Every structure is written in C-alpha cells, then in structure tokens.
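Listing of upload-v7.txt; format and content: compact mmCIF, N, CA and C atoms.
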```
# COMPACT_ATOMS: atom_id res chain seq x y z
N ARG P 6 -11.94 -9.11 142.43
CA ARG P 6 -13.10 -9.80 141.88
C ARG P 6 -13.66 -10.76 142.90
N ARG P 7 -14.96 -10.89 142.88
CA ARG P 7 -15.64 -11.80 143.80
C ARG P 7 -16.19 -12.98 143.03
N TYR P 8 -15.91 -14.15 143.50
CA TYR P 8 -16.45 -15.37 142.93
C TYR P 8 -17.25 -16.09 144.01
N ILE P 9 -18.24 -16.87 143.57
CA ILE P 9 -18.97 -17.71 144.52
C ILE P 9 -18.15 -18.96 144.79
N LEU P 10 -17.68 -19.61 143.72
CA LEU P 10 -16.81 -20.77 143.84
C LEU P 10 -15.52 -20.50 143.09
N GLN P 11 -14.44 -21.03 143.62
CA GLN P 11 -13.15 -20.86 143.00
C GLN P 11 -12.39 -22.17 143.13
N SER P 12 -11.67 -22.56 142.12
CA SER P 12 -10.85 -23.76 142.17
C SER P 12 -9.56 -23.44 142.92
N VAL P 13 -9.17 -24.34 143.84
CA VAL P 13 -7.92 -24.17 144.58
C VAL P 13 -7.14 -25.47 144.54
N GLN P 14 -5.83 -25.34 144.58
CA GLN P 14 -4.96 -26.51 144.62
C GLN P 14 -4.13 -26.45 145.89
N VAL P 15 -4.06 -27.57 146.60
CA VAL P 15 -3.27 -27.66 147.81
C VAL P 15 -1.80 -27.71 147.42
N VAL P 16 -0.99 -26.87 148.06
CA VAL P 16 0.45 -26.87 147.83
C VAL P 16 1.13 -27.12 149.17
N GLY P 17 1.84 -28.23 149.26
CA GLY P 17 2.54 -28.56 150.49
C GLY P 17 1.82 -29.64 151.29
N ALA P 18 2.44 -29.98 152.42
CA ALA P 18 1.97 -31.11 153.23
C ALA P 18 1.35 -30.68 154.56
N SER P 19 1.06 -29.39 154.75
CA SER P 19 0.59 -28.94 156.07
C SER P 19 -0.78 -29.47 156.47
N MET P 20 -1.58 -29.93 155.50
CA MET P 20 -2.91 -30.48 155.84
C MET P 20 -2.98 -32.00 155.69
N SER P 21 -1.84 -32.63 155.47
CA SER P 21 -1.79 -34.08 155.35
C SER P 21 -2.09 -34.71 156.72
N PRO P 22 -2.81 -35.78 156.82
CA PRO P 22 -3.30 -36.65 155.76
C PRO P 22 -4.69 -36.27 155.23
N THR P 23 -5.30 -35.22 155.76
CA THR P 23 -6.65 -34.85 155.33
C THR P 23 -6.67 -34.40 153.88
N LEU P 24 -5.78 -33.49 153.52
CA LEU P 24 -5.63 -33.02 152.14
C LEU P 24 -4.20 -33.27 151.72
N GLN P 25 -4.02 -33.69 150.49
CA GLN P 25 -2.69 -34.02 150.00
C GLN P 25 -2.17 -32.93 149.06
N ASP P 26 -0.85 -32.82 148.99
CA ASP P 26 -0.19 -31.91 148.06
C ASP P 26 -0.69 -32.18 146.64
N THR P 27 -1.04 -31.16 145.92
CA THR P 27 -1.56 -31.13 144.54
C THR P 27 -3.04 -31.49 144.42
N ASP P 28 -3.72 -31.87 145.52
CA ASP P 28 -5.17 -32.10 145.44
C ASP P 28 -5.87 -30.82 145.03
N ARG P 29 -6.98 -30.96 144.29
CA ARG P 29 -7.79 -29.80 143.86
C ARG P 29 -9.16 -29.87 144.52
N TYR P 30 -9.64 -28.69 144.92
CA TYR P 30 -10.95 -28.57 145.57
C TYR P 30 -11.61 -27.28 145.10
N PHE P 31 -12.87 -27.14 145.48
CA PHE P 31 -13.55 -25.87 145.29
C PHE P 31 -13.52 -25.10 146.60
N LEU P 32 -13.36 -23.80 146.48
CA LEU P 32 -13.41 -22.90 147.61
C LEU P 32 -14.73 -22.15 147.54
N ASN P 33 -15.55 -22.26 148.59
CA ASN P 33 -16.81 -21.53 148.67
C ASN P 33 -16.51 -20.17 149.28
N ARG P 34 -16.44 -19.15 148.44
CA ARG P 34 -16.13 -17.79 148.92
C ARG P 34 -17.37 -17.05 149.40
N TRP P 35 -18.51 -17.53 149.06
CA TRP P 35 -19.77 -16.85 149.36
C TRP P 35 -20.28 -17.16 150.76
N ILE P 36 -19.96 -18.34 151.28
CA ILE P 36 -20.53 -18.81 152.54
C ILE P 36 -20.32 -17.83 153.69
N TYR P 37 -19.16 -17.18 153.73
CA TYR P 37 -18.88 -16.29 154.85
C TYR P 37 -19.51 -14.92 154.70
N ASP P 38 -20.24 -14.71 153.61
CA ASP P 38 -21.11 -13.54 153.53
C ASP P 38 -22.40 -13.81 154.29
N LEU P 39 -22.70 -15.10 154.49
CA LEU P 39 -23.93 -15.51 155.16
C LEU P 39 -23.73 -15.84 156.64
N ARG P 40 -22.55 -16.33 156.97
CA ARG P 40 -22.27 -16.72 158.35
C ARG P 40 -20.77 -16.64 158.60
N GLU P 41 -20.39 -16.79 159.86
CA GLU P 41 -18.98 -16.73 160.25
C GLU P 41 -18.34 -18.13 160.15
N PRO P 42 -17.02 -18.19 160.07
CA PRO P 42 -16.34 -19.49 160.06
C PRO P 42 -16.66 -20.28 161.33
N ARG P 43 -16.66 -21.61 161.19
CA ARG P 43 -16.97 -22.51 162.30
C ARG P 43 -15.77 -23.38 162.64
N ARG P 44 -15.71 -23.78 163.89
CA ARG P 44 -14.64 -24.67 164.33
C ARG P 44 -14.67 -25.95 163.50
N GLY P 45 -13.49 -26.41 163.11
CA GLY P 45 -13.38 -27.64 162.35
C GLY P 45 -13.38 -27.46 160.85
N GLU P 46 -13.78 -26.29 160.37
CA GLU P 46 -13.81 -26.06 158.92
C GLU P 46 -12.40 -25.88 158.38
N ILE P 47 -12.19 -26.39 157.17
CA ILE P 47 -10.93 -26.19 156.46
C ILE P 47 -11.13 -24.97 155.57
N VAL P 48 -10.24 -23.99 155.74
CA VAL P 48 -10.39 -22.71 155.06
C VAL P 48 -9.13 -22.34 154.28
N VAL P 49 -9.31 -21.44 153.32
CA VAL P 49 -8.18 -20.81 152.64
C VAL P 49 -8.06 -19.41 153.24
N LEU P 50 -6.83 -19.04 153.58
CA LEU P 50 -6.60 -17.72 154.17
C LEU P 50 -5.34 -17.11 153.61
N LYS P 51 -5.22 -15.82 153.81
CA LYS P 51 -3.99 -15.11 153.47
C LYS P 51 -3.09 -15.19 154.69
N ASP P 52 -1.91 -15.76 154.51
CA ASP P 52 -0.93 -15.85 155.58
C ASP P 52 -0.61 -14.43 156.05
N PRO P 53 -0.77 -14.14 157.34
CA PRO P 53 -0.54 -12.77 157.80
C PRO P 53 0.92 -12.33 157.73
N THR P 54 1.85 -13.27 157.53
CA THR P 54 3.26 -12.88 157.48
C THR P 54 3.71 -12.48 156.09
N ASP P 55 3.15 -13.13 155.04
CA ASP P 55 3.62 -12.81 153.69
C ASP P 55 2.51 -12.67 152.65
N GLY P 56 1.25 -12.83 153.05
CA GLY P 56 0.13 -12.66 152.13
C GLY P 56 -0.12 -13.82 151.20
N ALA P 57 0.68 -14.89 151.31
CA ALA P 57 0.48 -16.07 150.46
C ALA P 57 -0.81 -16.78 150.89
N TYR P 58 -1.43 -17.48 149.96
CA TYR P 58 -2.63 -18.24 150.29
C TYR P 58 -2.23 -19.58 150.88
N CYS P 59 -2.95 -20.00 151.93
CA CYS P 59 -2.67 -21.29 152.54
C CYS P 59 -3.98 -21.92 153.03
N VAL P 60 -3.91 -23.22 153.28
CA VAL P 60 -5.07 -23.98 153.71
C VAL P 60 -4.84 -24.44 155.15
N LYS P 61 -5.79 -24.14 156.03
CA LYS P 61 -5.68 -24.51 157.45
C LYS P 61 -7.06 -24.89 157.99
N ARG P 62 -7.07 -25.40 159.21
CA ARG P 62 -8.32 -25.76 159.88
C ARG P 62 -8.59 -24.79 161.03
N VAL P 63 -9.81 -24.32 161.15
CA VAL P 63 -10.20 -23.43 162.25
C VAL P 63 -10.37 -24.28 163.51
N VAL P 64 -9.64 -23.93 164.57
CA VAL P 64 -9.76 -24.67 165.83
C VAL P 64 -10.29 -23.82 166.98
N ALA P 65 -10.22 -22.49 166.85
CA ALA P 65 -10.77 -21.62 167.90
C ALA P 65 -11.37 -20.38 167.27
N LEU P 66 -12.40 -19.88 167.91
CA LEU P 66 -13.22 -18.78 167.41
C LEU P 66 -12.96 -17.49 168.19
N PRO P 67 -13.49 -16.37 167.69
CA PRO P 67 -13.31 -15.09 168.40
C PRO P 67 -13.74 -15.19 169.86
N GLY P 68 -12.92 -14.63 170.74
CA GLY P 68 -13.23 -14.61 172.16
C GLY P 68 -12.81 -15.86 172.91
N GLU P 69 -12.30 -16.86 172.22
CA GLU P 69 -11.91 -18.11 172.89
C GLU P 69 -10.44 -18.07 173.27
N ALA P 70 -10.11 -18.90 174.26
CA ALA P 70 -8.73 -19.01 174.74
C ALA P 70 -8.16 -20.35 174.34
N VAL P 71 -6.97 -20.34 173.75
CA VAL P 71 -6.28 -21.55 173.32
C VAL P 71 -5.12 -21.79 174.28
N ASN P 72 -4.96 -23.04 174.69
CA ASN P 72 -3.84 -23.43 175.53
C ASN P 72 -3.19 -24.66 174.92
N LEU P 73 -1.92 -24.56 174.61
CA LEU P 73 -1.14 -25.69 174.13
C LEU P 73 -0.27 -26.14 175.29
N LYS P 74 -0.54 -27.36 175.76
CA LYS P 74 0.18 -27.83 176.96
C LYS P 74 0.60 -29.28 176.78
N ASN P 75 1.91 -29.50 176.82
CA ASN P 75 2.48 -30.84 176.71
C ASN P 75 1.93 -31.64 175.53
N GLY P 76 1.77 -30.96 174.40
CA GLY P 76 1.31 -31.63 173.19
C GLY P 76 -0.20 -31.74 173.04
N HIS P 77 -0.94 -31.19 173.99
CA HIS P 77 -2.40 -31.25 173.94
C HIS P 77 -2.96 -29.86 173.65
N LEU P 78 -4.09 -29.83 172.93
CA LEU P 78 -4.74 -28.58 172.55
C LEU P 78 -6.02 -28.41 173.35
N PHE P 79 -6.10 -27.30 174.08
CA PHE P 79 -7.28 -26.98 174.89
C PHE P 79 -7.89 -25.68 174.36
N VAL P 80 -9.21 -25.65 174.29
CA VAL P 80 -9.94 -24.43 173.94
C VAL P 80 -10.90 -24.15 175.08
N ASN P 81 -10.77 -22.98 175.68
CA ASN P 81 -11.57 -22.59 176.84
C ASN P 81 -11.50 -23.63 177.96
N GLY P 82 -10.29 -24.18 178.16
CA GLY P 82 -10.06 -25.10 179.27
C GLY P 82 -10.42 -26.55 179.01
N LYS P 83 -11.01 -26.87 177.86
CA LYS P 83 -11.39 -28.25 177.55
C LYS P 83 -10.54 -28.76 176.39
N GLU P 84 -10.03 -29.99 176.53
CA GLU P 84 -9.24 -30.56 175.46
C GLU P 84 -10.11 -30.73 174.23
N LEU P 85 -9.61 -30.25 173.10
CA LEU P 85 -10.37 -30.29 171.85
C LEU P 85 -10.33 -31.69 171.26
N SER P 86 -11.47 -32.25 170.94
CA SER P 86 -11.56 -33.52 170.25
C SER P 86 -11.26 -33.26 168.78
N GLU P 87 -10.28 -33.97 168.23
CA GLU P 87 -9.88 -33.78 166.84
C GLU P 87 -9.87 -35.13 166.11
N PRO P 88 -11.04 -35.66 165.77
CA PRO P 88 -11.12 -36.98 165.14
C PRO P 88 -10.48 -37.04 163.76
N TYR P 89 -10.21 -35.90 163.15
CA TYR P 89 -9.60 -35.84 161.83
C TYR P 89 -8.09 -36.08 161.88
N LEU P 90 -7.49 -36.06 163.07
CA LEU P 90 -6.05 -36.30 163.19
C LEU P 90 -5.78 -37.79 163.42
N PRO P 91 -4.65 -38.29 162.91
CA PRO P 91 -4.29 -39.67 163.21
C PRO P 91 -4.09 -39.85 164.72
N MET P 92 -4.35 -41.03 165.21
CA MET P 92 -4.23 -41.34 166.64
C MET P 92 -2.82 -41.00 167.14
N GLY P 93 -2.76 -40.32 168.27
CA GLY P 93 -1.49 -40.03 168.91
C GLY P 93 -0.77 -38.78 168.45
N VAL P 94 -1.33 -38.05 167.48
CA VAL P 94 -0.68 -36.82 167.01
C VAL P 94 -0.74 -35.77 168.11
N LYS P 95 0.38 -35.11 168.36
CA LYS P 95 0.48 -34.08 169.38
C LYS P 95 0.57 -32.70 168.73
N THR P 96 0.15 -31.68 169.47
CA THR P 96 0.22 -30.30 169.01
C THR P 96 1.17 -29.55 169.93
N PHE P 97 2.40 -29.40 169.48
CA PHE P 97 3.41 -28.74 170.29
C PHE P 97 3.54 -27.27 169.93
N THR P 98 4.08 -26.51 170.86
CA THR P 98 4.39 -25.10 170.60
C THR P 98 5.63 -25.04 169.72
N PRO P 99 5.86 -23.91 169.04
CA PRO P 99 7.03 -23.82 168.19
C PRO P 99 8.33 -23.60 168.97
N GLU P 100 8.23 -23.35 170.25
CA GLU P 100 9.42 -23.08 171.05
C GLU P 100 9.62 -24.16 172.09
N GLU P 101 10.67 -24.01 172.87
CA GLU P 101 10.98 -24.99 173.93
C GLU P 101 9.92 -25.00 175.02
N VAL P 102 9.18 -23.91 175.15
CA VAL P 102 8.13 -23.82 176.17
C VAL P 102 7.03 -24.82 175.85
N GLN P 103 6.60 -25.58 176.82
CA GLN P 103 5.57 -26.60 176.59
C GLN P 103 4.17 -26.15 177.00
N ASP P 104 4.05 -24.89 177.39
CA ASP P 104 2.75 -24.37 177.82
C ASP P 104 2.59 -22.97 177.24
N ALA P 105 1.69 -22.85 176.24
CA ALA P 105 1.45 -21.54 175.62
C ALA P 105 -0.03 -21.23 175.70
N LYS P 106 -0.34 -20.00 176.05
CA LYS P 106 -1.73 -19.54 176.12
C LYS P 106 -1.91 -18.40 175.15
N ILE P 107 -2.94 -18.52 174.30
CA ILE P 107 -3.21 -17.51 173.28
C ILE P 107 -4.69 -17.16 173.32
N ALA P 108 -5.00 -15.88 173.29
CA ALA P 108 -6.39 -15.43 173.27
C ALA P 108 -6.76 -14.97 171.86
N CYS P 109 -7.91 -15.41 171.40
CA CYS P 109 -8.43 -14.93 170.11
C CYS P 109 -9.26 -13.69 170.40
N GLY P 110 -8.86 -12.60 169.82
CA GLY P 110 -9.59 -11.36 170.01
C GLY P 110 -10.84 -11.31 169.14
N LYS P 111 -11.47 -10.15 169.15
CA LYS P 111 -12.66 -9.94 168.32
C LYS P 111 -12.30 -10.16 166.86
N ASP P 112 -13.12 -10.92 166.14
CA ASP P 112 -12.92 -11.19 164.71
C ASP P 112 -11.60 -11.86 164.39
N SER P 113 -11.09 -12.71 165.29
CA SER P 113 -9.87 -13.45 164.99
C SER P 113 -10.04 -14.93 165.31
N TYR P 114 -9.33 -15.76 164.55
CA TYR P 114 -9.48 -17.21 164.60
C TYR P 114 -8.12 -17.87 164.72
N PHE P 115 -8.07 -18.95 165.48
CA PHE P 115 -6.84 -19.73 165.62
C PHE P 115 -6.92 -20.89 164.64
N VAL P 116 -5.93 -20.99 163.76
CA VAL P 116 -5.94 -22.01 162.71
C VAL P 116 -4.68 -22.87 162.81
N LEU P 117 -4.85 -24.16 162.48
CA LEU P 117 -3.74 -25.10 162.50
C LEU P 117 -3.79 -25.98 161.27
N GLY P 118 -2.64 -26.45 160.83
CA GLY P 118 -2.59 -27.48 159.82
C GLY P 118 -2.79 -28.83 160.47
N ASP P 119 -3.36 -29.78 159.77
CA ASP P 119 -3.56 -31.11 160.34
C ASP P 119 -2.25 -31.86 160.50
N ASN P 120 -1.24 -31.51 159.71
CA ASN P 120 0.08 -32.10 159.83
C ASN P 120 0.85 -31.27 160.85
N ARG P 121 0.59 -31.50 162.12
CA ARG P 121 1.08 -30.62 163.19
C ARG P 121 2.59 -30.49 163.25
N ASN P 122 3.32 -31.49 162.75
CA ASN P 122 4.78 -31.41 162.77
C ASN P 122 5.35 -30.68 161.56
N ASN P 123 4.48 -30.30 160.62
CA ASN P 123 4.96 -29.65 159.38
C ASN P 123 3.94 -28.61 158.92
N SER P 124 3.65 -27.65 159.78
CA SER P 124 2.68 -26.63 159.43
C SER P 124 3.06 -25.29 160.05
N PHE P 125 3.13 -24.27 159.23
CA PHE P 125 3.34 -22.90 159.69
C PHE P 125 1.95 -22.31 159.87
N ASP P 126 1.53 -22.08 161.10
CA ASP P 126 0.14 -21.73 161.40
C ASP P 126 0.06 -20.78 162.58
N SER P 127 -1.10 -20.72 163.23
CA SER P 127 -1.31 -19.76 164.32
C SER P 127 -0.37 -19.96 165.51
N ARG P 128 0.26 -21.11 165.61
CA ARG P 128 1.26 -21.30 166.67
C ARG P 128 2.44 -20.36 166.44
N PHE P 129 2.68 -19.99 165.19
CA PHE P 129 3.80 -19.11 164.84
C PHE P 129 3.36 -17.66 164.68
N TYR P 130 2.25 -17.43 163.97
CA TYR P 130 1.86 -16.05 163.67
C TYR P 130 0.64 -15.56 164.44
N GLY P 131 0.11 -16.37 165.33
CA GLY P 131 -1.01 -15.93 166.17
C GLY P 131 -2.35 -16.06 165.46
N PRO P 132 -3.41 -15.64 166.13
CA PRO P 132 -4.74 -15.71 165.52
C PRO P 132 -4.82 -14.89 164.24
N VAL P 133 -5.69 -15.34 163.33
CA VAL P 133 -5.84 -14.73 162.01
C VAL P 133 -7.10 -13.86 162.00
N ALA P 134 -6.98 -12.66 161.45
CA ALA P 134 -8.13 -11.76 161.33
C ALA P 134 -9.17 -12.35 160.38
N ARG P 135 -10.43 -12.17 160.70
CA ARG P 135 -11.53 -12.69 159.88
C ARG P 135 -11.39 -12.25 158.42
N GLN P 136 -10.95 -11.02 158.19
CA GLN P 136 -10.83 -10.50 156.82
C GLN P 136 -9.81 -11.28 156.00
N ASN P 137 -8.90 -12.01 156.65
CA ASN P 137 -7.91 -12.81 155.93
C ASN P 137 -8.41 -14.21 155.56
N ILE P 138 -9.58 -14.58 156.05
CA ILE P 138 -10.16 -15.90 155.73
C ILE P 138 -11.05 -15.72 154.51
N LEU P 139 -10.68 -16.39 153.41
CA LEU P 139 -11.35 -16.17 152.12
C LEU P 139 -12.57 -17.05 151.91
N GLY P 140 -12.56 -18.25 152.45
CA GLY P 140 -13.70 -19.15 152.22
C GLY P 140 -13.40 -20.54 152.76
N VAL P 141 -14.41 -21.41 152.64
CA VAL P 141 -14.30 -22.77 153.13
C VAL P 141 -14.03 -23.73 151.98
N VAL P 142 -13.15 -24.69 152.20
CA VAL P 142 -12.82 -25.71 151.21
C VAL P 142 -13.96 -26.74 151.18
N MET P 143 -14.45 -27.01 150.00
CA MET P 143 -15.52 -28.00 149.84
C MET P 143 -14.89 -29.33 149.43
N ARG P 144 -15.18 -30.37 150.24
CA ARG P 144 -14.61 -31.69 149.94
C ARG P 144 -15.70 -32.66 149.64
```

For the file at hand, write its structure as structure tokens.
Amino acid sequence: RRYILQSVQVVGASMSPTLQDTDRYFLNRWIYDLREPRRGEIVVLKDPTDGAYCVKRVVALPGEAVNLKNGHLFVNGKELSEPYLPMGVKTFTPEEVQDAKIACGKDSYFVLGDNRNNSFDSRFYGPVARQNILGVVMR
C-alpha cells in the first residue's frame, strides 16, 4: 500500500540527540516520487541486513566518495559540516582501521545515525539502495 503520510515511531537511540527513543513523527512517503533524497535529510529505510525499518541521516549521495579518517567524515575529499551533531562527536569506523574509503554507486546513499557511538548504519552494511529509502521524516 502507498501512503502520502505515515506515522512512525523512533525505536532506539541511534538518532539521539536529534530524535529520541519513542518520539513520533510523520513520514513523507510521497516526496521521493518528486525528487531524490538530499544530504542531511533524516529518512526511514529498510535495513539491508534484516529488512527492519530504521531511521538514519543521509550524508552522501550517488556517485560520491566517503572517507572516514581518524574520527572525521569526508565526502569527496572535503570534511562534512555536521551542525546537528554535538560538539566534538567523532565518526569512527567499526573496525580497528582508522581510515576507510567507501564509494556510493549509482542509486545508493551513505546513511549514518546521529548517535555515532550507538548506530548500526552504512559504516557496517555499506551504502543503501535508493529503493530501500521509504521517505523523509517530517519534524
């Protein structure tokens, strides 16, 4: 079934402090019929590992290169400004390696939770296919 708006509830702390566990929002499912997802948008997507719905932020777009280096996030060689994160928050790789490079292919997006120390996101499962992004969270 297709809805224009759908009620969603945040489950977990992966988007804290921006969104809190049990917060309710509307999901605009129609917007991406008109345009593609944009950097910085908070979206609901199907987790590519288990199909569960989750809430993440788009940080890189199709064709862009992501580099995680020493806790800093770079997109196409430039450090990404993330004013929505608390001061001093670092974005580390999930492994001991402190330098990871990931390319977003055609129709794929790199997504992260705002709670970088407690988020299962593209650092673990890689870029997300556009078809797995259901809509944008309206706040």

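One finds atom N of Pro42 (chain P) at 10.0 Å from CA of Leu139 (chain P).
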
Query raised in the report: Within 7 Å of region 69-71 of chain P, counting all atoms listed in the file, which residues qualify if same-chain residues fewer than 4 places away don't, as a PyMOL selection string?
Result: chain P and resi 65+78-82+105-110

Report task. Excluding Gly118 (chain P) and residues on its chain fewer than 4 positions from it, collect all residues at most 7 Å away from it, counting only C-alpha atoms, and give them as JSON, numbers by chain. Result -> {"P": [19, 20, 61, 62, 124, 126]}

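Counting from atom C of Gln136 (chain P), the distance to atom C of Lys51 (chain P) is 7.9 Å.
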
Using 8 Å of padding on each side, determine the axis-aligned box around all atoms of region 39-46 of chain P present in the file and give its centre and edge lengths in Å to one decimal, as AutoDock Vina command-line options.
```
--center_x -18.2 --center_y -21.4 --center_z 159.4 --size_x 27.5 --size_y 28.5 --size_z 25.8
```

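A straight line drawn from CA of Arg44 (chain P) to CA of Val63 (chain P) is 5.1 Å long.
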
Query raised in the report: Which of these residues is nearest to Pro22 (chain P), using all atoms listed in the file: P:Arg121, P:Arg34, P:His77, P:Arg144?
Result: P:Arg121

Query raised in the report: Near region 23-25 of chain P, within 8 Å and counting only N, CA and C atoms, which residues show up once chain neighbours fewer than 5 positions away are dropped, as a ChimeraX atom specification?
Result: /P:14-18,89-91,119-120

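The set of residues in chain P assigned to helix (DSSP H, G or I) by DSSP, using only backbone atoms of this structure, is Ile36, Tyr37, Asp38, Leu39, Ser127, Arg128, Phe129, Tyr130, Arg135, Gln136 and Asn137 of chain P.
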
Report task. Could you check which of P:Tyr130, P:Tyr8, P:Tyr58, P:Phe97 is closest to Asp38 (chain P), using only C-alpha atoms? Result -> P:Tyr8

Query raised in the report: Using only C-alpha atoms, which residues sit within 9 Å of Asn137 (chain P) once same-chain residues fewer than 4 positions away are excluded, as a list in words?
Result: Val49, Leu50, Lys51, Asp52, Pro53, Gly56 and Val133 of chain P

Query raised in the report: Which residues, written as a ChimeraX atom specification, have at least one atom at most 7 Å from Thr98 (chain P), with only C-alpha atoms counted and residues fewer than 3 positions away on the same chain left out?
Result: /P:73,102-103,105,128

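With distances taken over only N, CA and C atoms, P:Val60 is the one residue among P:Gly68, P:Gly140, P:Tyr37, P:Val60 lying closest to Leu117 (chain P).
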
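Shortest atom-to-atom contact with Asp28 (chain P) among P:Val13, P:Leu66, P:Glu41, P:Thr54: P:Val13, counting only C-alpha atoms.
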